[in-house]
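Dumped model06.pdb below, it's PDB, C-alpha atoms:
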```pdb
ATOM      1  CA  MET A   1     123.908  76.651  90.143
ATOM      2  CA  VAL A   2     125.399  79.646  91.979
ATOM      3  CA  ILE A   3     123.505  82.037  89.716
ATOM      4  CA  VAL A   4     120.210  80.309  90.544
ATOM      5  CA  VAL A   5     120.846  80.551  94.306
ATOM      6  CA  VAL A   6     121.814  84.233  94.053
ATOM      7  CA  THR A   7     118.756  84.982  91.918
ATOM      8  CA  VAL A   8     116.430  83.263  94.386
ATOM      9  CA  LEU A   9     117.985  85.124  97.340
ATOM     10  CA  LEU A  10     117.662  88.476  95.576
ATOM     11  CA  GLY A  11     114.053  87.692  94.718
ATOM     12  CA  VAL A  12     113.244  86.887  98.344
ATOM     13  CA  LEU A  13     114.968  90.046  99.615
ATOM     14  CA  LEU A  14     113.256  92.304  97.094
ATOM     15  CA  GLY A  15     109.909  90.681  97.826
ATOM     16  CA  ALA A  16     110.370  91.325 101.542
ATOM     17  CA  LEU A  17     111.258  94.975 100.870
ATOM     18  CA  PHE A  18     107.978  95.483  99.033
ATOM     19  CA  LEU A  19     105.650  93.378 101.183
ATOM     20  CA  ILE A  20     106.666  94.394 104.715
ATOM     21  CA  PRO A  21     106.195  98.170 104.274
ATOM     22  CA  ARG A  22     102.953  97.532 102.411
ATOM     23  CA  GLN A  23     101.558  95.578 105.373
ATOM     24  CA  LEU A  24     102.413  98.415 107.777
ATOM     25  CA  LYS A  25     100.864 101.008 105.465
ATOM     26  CA  SER A  26      97.694  98.987 104.953
ATOM     27  CA  ASP A  27      96.535  99.628 108.520
ATOM     28  CA  PRO A  28      98.447 102.438 110.225
ATOM     29  CA  SER A  29      96.102 102.291 113.229
ATOM     30  CA  LYS A  30      97.464  98.841 114.059
ATOM     31  CA  LYS A  31     100.985 100.241 114.072
ATOM     32  CA  SER A  32     100.122 103.058 116.480
ATOM     33  CA  GLN A  33      98.034 100.761 118.676
ATOM     34  CA  LEU A  34     100.877  98.276 118.928
ATOM     35  CA  TYR A  35     103.312 101.054 119.764
ATOM     36  CA  ALA A  36     101.021 102.636 122.341
ATOM     37  CA  ASN A  37     100.294  99.287 123.980
ATOM     38  CA  ALA A  38     103.988  98.393 124.067
ATOM     39  CA  LYS A  39     104.653 101.278 126.436
ATOM     40  CA  ALA A  40     103.365 100.956 129.960
ATOM     41  CA  SER A  41     100.231 103.060 129.992
ATOM     42  CA  LYS A  42     100.222 105.525 132.857
ATOM     43  CA  LEU A  43      97.136 107.519 133.815
ATOM     44  CA  TYR A  44      97.343 111.287 134.238
ATOM     45  CA  ALA A  45      94.759 113.610 135.752
ATOM     46  CA  LYS A  46      93.920 116.664 133.653
ATOM     47  CA  ALA A  47      95.084 118.834 136.571
ATOM     48  CA  GLU A  48      98.505 117.173 136.455
ATOM     49  CA  VAL A  49      98.802 117.701 132.714
ATOM     50  CA  SER A  50      97.892 121.373 133.139
ATOM     51  CA  PHE A  51     101.146 122.032 135.048
ATOM     52  CA  HIS A  52     103.154 121.164 131.914
ATOM     53  CA  ASN A  53     102.217 124.302 129.997
ATOM     54  CA  LYS A  54     105.423 126.011 128.930
ATOM     55  CA  ARG A  55     108.064 125.838 126.242
ATOM     56  CA  THR A  56     110.494 123.950 128.498
ATOM     57  CA  ASP A  57     107.847 121.542 129.789
ATOM     58  CA  CYS A  58     105.052 120.971 127.277
ATOM     59  CA  TRP A  59     102.467 118.201 127.469
ATOM     60  CA  ILE A  60      99.361 118.006 125.323
ATOM     61  CA  ILE A  61      96.245 115.853 125.243
ATOM     62  CA  ILE A  62      94.991 114.366 121.984
ATOM     63  CA  LYS A  63      91.934 112.122 122.066
ATOM     64  CA  ASP A  64      92.406 111.320 125.772
ATOM     65  CA  LYS A  65      96.056 110.362 125.311
ATOM     66  CA  VAL A  66      98.867 112.385 126.905
ATOM     67  CA  TYR A  67     102.000 113.357 124.980
ATOM     68  CA  ASP A  68     105.175 115.031 126.222
ATOM     69  CA  VAL A  69     106.167 117.170 123.230
ATOM     70  CA  THR A  70     108.762 119.281 125.053
ATOM     71  CA  SER A  71     111.591 118.047 122.828
ATOM     72  CA  TYR A  72     109.571 118.961 119.714
ATOM     73  CA  VAL A  73     108.510 122.515 120.630
ATOM     74  CA  GLU A  74     111.555 124.179 119.032
ATOM     75  CA  GLU A  75     111.232 122.062 115.872
ATOM     76  CA  HIS A  76     107.495 122.657 115.422
ATOM     77  CA  PRO A  77     106.991 124.082 111.905
ATOM     78  CA  GLY A  78     104.090 126.204 113.166
ATOM     79  CA  GLY A  79     106.313 127.946 115.704
ATOM     80  CA  ASP A  80     104.627 128.773 119.003
ATOM     81  CA  ALA A  81     101.229 127.510 117.817
ATOM     82  CA  ILE A  82     102.012 124.255 119.611
ATOM     83  CA  LEU A  83     102.035 126.200 122.885
ATOM     84  CA  ALA A  84      98.481 127.514 122.432
ATOM     85  CA  HIS A  85      97.093 124.431 124.159
ATOM     86  CA  ALA A  86     100.129 123.366 126.182
ATOM     87  CA  GLY A  87      98.947 121.538 129.269
ATOM     88  CA  ASP A  88      95.494 121.145 127.771
ATOM     89  CA  ASP A  89      93.493 119.375 125.053
ATOM     90  CA  SER A  90      95.025 119.902 121.607
ATOM     91  CA  THR A  91      92.814 117.459 119.702
ATOM     92  CA  GLU A  92      91.104 120.081 117.544
ATOM     93  CA  GLY A  93      94.337 121.834 116.586
ATOM     94  CA  PHE A  94      96.154 118.573 115.984
ATOM     95  CA  TYR A  95      93.586 117.402 113.454
ATOM     96  CA  GLY A  96      93.461 120.783 111.708
ATOM     97  CA  PRO A  97      94.175 121.203 107.990
ATOM     98  CA  GLN A  98      97.625 122.681 108.635
ATOM     99  CA  HIS A  99      99.141 119.335 109.579
ATOM    100  CA  ALA A 100     100.660 116.985 107.034
ATOM    101  CA  THR A 101      99.769 113.319 107.379
ATOM    102  CA  ARG A 102     103.258 112.508 108.716
ATOM    103  CA  VAL A 103     102.329 114.184 112.007
ATOM    104  CA  PHE A 104      99.969 111.281 112.724
ATOM    105  CA  ASP A 105     102.917 108.866 112.608
ATOM    106  CA  MET A 106     105.244 111.159 114.574
ATOM    107  CA  ILE A 107     102.966 111.728 117.560
ATOM    108  CA  ASP A 108     103.338 108.152 118.830
ATOM    109  CA  ASP A 109     106.977 108.902 119.689
ATOM    110  CA  PHE A 110     105.807 111.374 122.346
ATOM    111  CA  TYR A 111     103.093 109.242 123.990
ATOM    112  CA  ILE A 112     103.483 108.963 127.779
ATOM    113  CA  GLY A 113     100.070 107.749 128.953
ATOM    114  CA  ASP A 114      96.312 108.169 129.003
ATOM    115  CA  LEU A 115      94.066 110.841 130.442
ATOM    116  CA  GLU A 116      92.328 109.726 133.588
ATOM    117  CA  LYS A 117      88.570 109.317 133.173
ATOM    118  CA  ILE A 118      86.575 111.462 135.579
TER     119      ILE A 118
END
```
I need this file expressed as structure tokens, please.
Amino acid sequence: MVIVVVTVLLGVLLGALFLIPRQLKSDPSKKSQLYANAKASKLYAKAEVSFHNKRTDCWIIIKDKVYDVTSYVEEHPGGDAILAHAGDDSTEGFYGPQHATRVFDMIDDFYIGDLEKI
């Protein structure tokens, strides 16, 4: 009897380990949308973003979303390339061939708000 209970519990746990990550991977856009919506969305004017254009204060815009990547500048594998568009739109560079797919998951951690529509 004990063996049956233990076997069933292990089966449920292993099933959960395989199914839960699979659901998150099946639609990564849902994951980033949920994360972005969970944070209070603040609006930033492009002029305001432009002040954050240095190594010690680096914001970037990607697809009309604003990210504070200051804490990542020193870790950036491409060195100072991240500073090329600091305080400005980095969409083109962000989606360039040099970035591994993991960067698309990482960027959500730096989201601070949306770009104000003019």
Item to check | From A:Leu43, A:Cys58, A:Ile112, A:Val49, residue lying nearest Leu83 (chain A) [all atoms listed in the file] | outcome: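 Of all the options, A:Cys58 lies closest to Leu83 (chain A).
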Checklist entry - By how many Å are CA of Pro77 (chain A) and CA of Trp59 (chain A) apart? => result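 These two atoms are separated by 17.2 Å.
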Using only C-alpha atoms, which residues sit within 8 Å of Phe110 (chain A) once same-chain residues fewer than 6 positions away are excluded, as a compact mmCIF listing (two decimals) with C-alpha atoms, keeping the file's coordinate frame?
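Here's the written file part34.txt:
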```txt
# COMPACT_ATOMS: atom_id res chain seq x y z
CA TYR A 67 102.00 113.36 124.98
CA ASP A 68 105.18 115.03 126.22
CA VAL A 69 106.17 117.17 123.23
```
Next on the checklist: Going by the chain IDs and residue numbers used in this file, which residues fall under the PyMOL selection byres ((chain A and resi 104) around 12)? Write them as a PyMOL selection string.
Outcome noted: chain A and resi 28-29+31-32+62+91+94-96+99-103+105-111
Item to check | Two-atom distance - CA of His52 (chain A), CA of His85 (chain A) (Å) | outcome: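 Interatomic distance, CA of His52 (chain A) to CA of His85 (chain A): 10.4 Å.
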Item to check | Picked residues, the PyMOL selection byres ((chain A and resi 55) around 9), expected as a list in words | outcome: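 Output from the PyMOL selection byres ((chain A and resi 55) around 9), applied to this file: His52, Asn53, Lys54, Thr56, Asp57, Cys58, Thr70, Val73, Glu74, Asp80, Leu83 and Ala86 of chain A.
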Those same residues - C-alpha atoms - I'd like them written as a short mmCIF file (atom, residue, chain, number, x, y, z; two decimals), in the coordinates of the input.
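As written to disk, out-v5.cif reads:
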```cif
data_model
loop_
_atom_site.label_atom_id
_atom_site.label_comp_id
_atom_site.auth_asym_id
_atom_site.auth_seq_id
_atom_site.Cartn_x
_atom_site.Cartn_y
_atom_site.Cartn_z
CA HIS A 52 103.15 121.16 131.91
CA ASN A 53 102.22 124.30 130.00
CA LYS A 54 105.42 126.01 128.93
CA THR A 56 110.49 123.95 128.50
CA ASP A 57 107.85 121.54 129.79
CA CYS A 58 105.05 120.97 127.28
CA THR A 70 108.76 119.28 125.05
CA VAL A 73 108.51 122.52 120.63
CA GLU A 74 111.56 124.18 119.03
CA ASP A 80 104.63 128.77 119.00
CA LEU A 83 102.04 126.20 122.88
CA ALA A 86 100.13 123.37 126.18
#
```
Checklist entry - Of the residues A:Ala81, A:Ala47, A:Leu115, A:Ile3, which is the one nearest to Lys63 (chain A), using all atoms listed in the file? => result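 Among A:Ala81, A:Ala47, A:Leu115, A:Ile3, it is A:Leu115 that comes nearest to Lys63 (chain A).
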Checklist entry - What gap, in Å, lies between CA of Ala84 (chain A) and CA of Ile118 (chain A)? => result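 Interatomic distance here is 23.9 Å.
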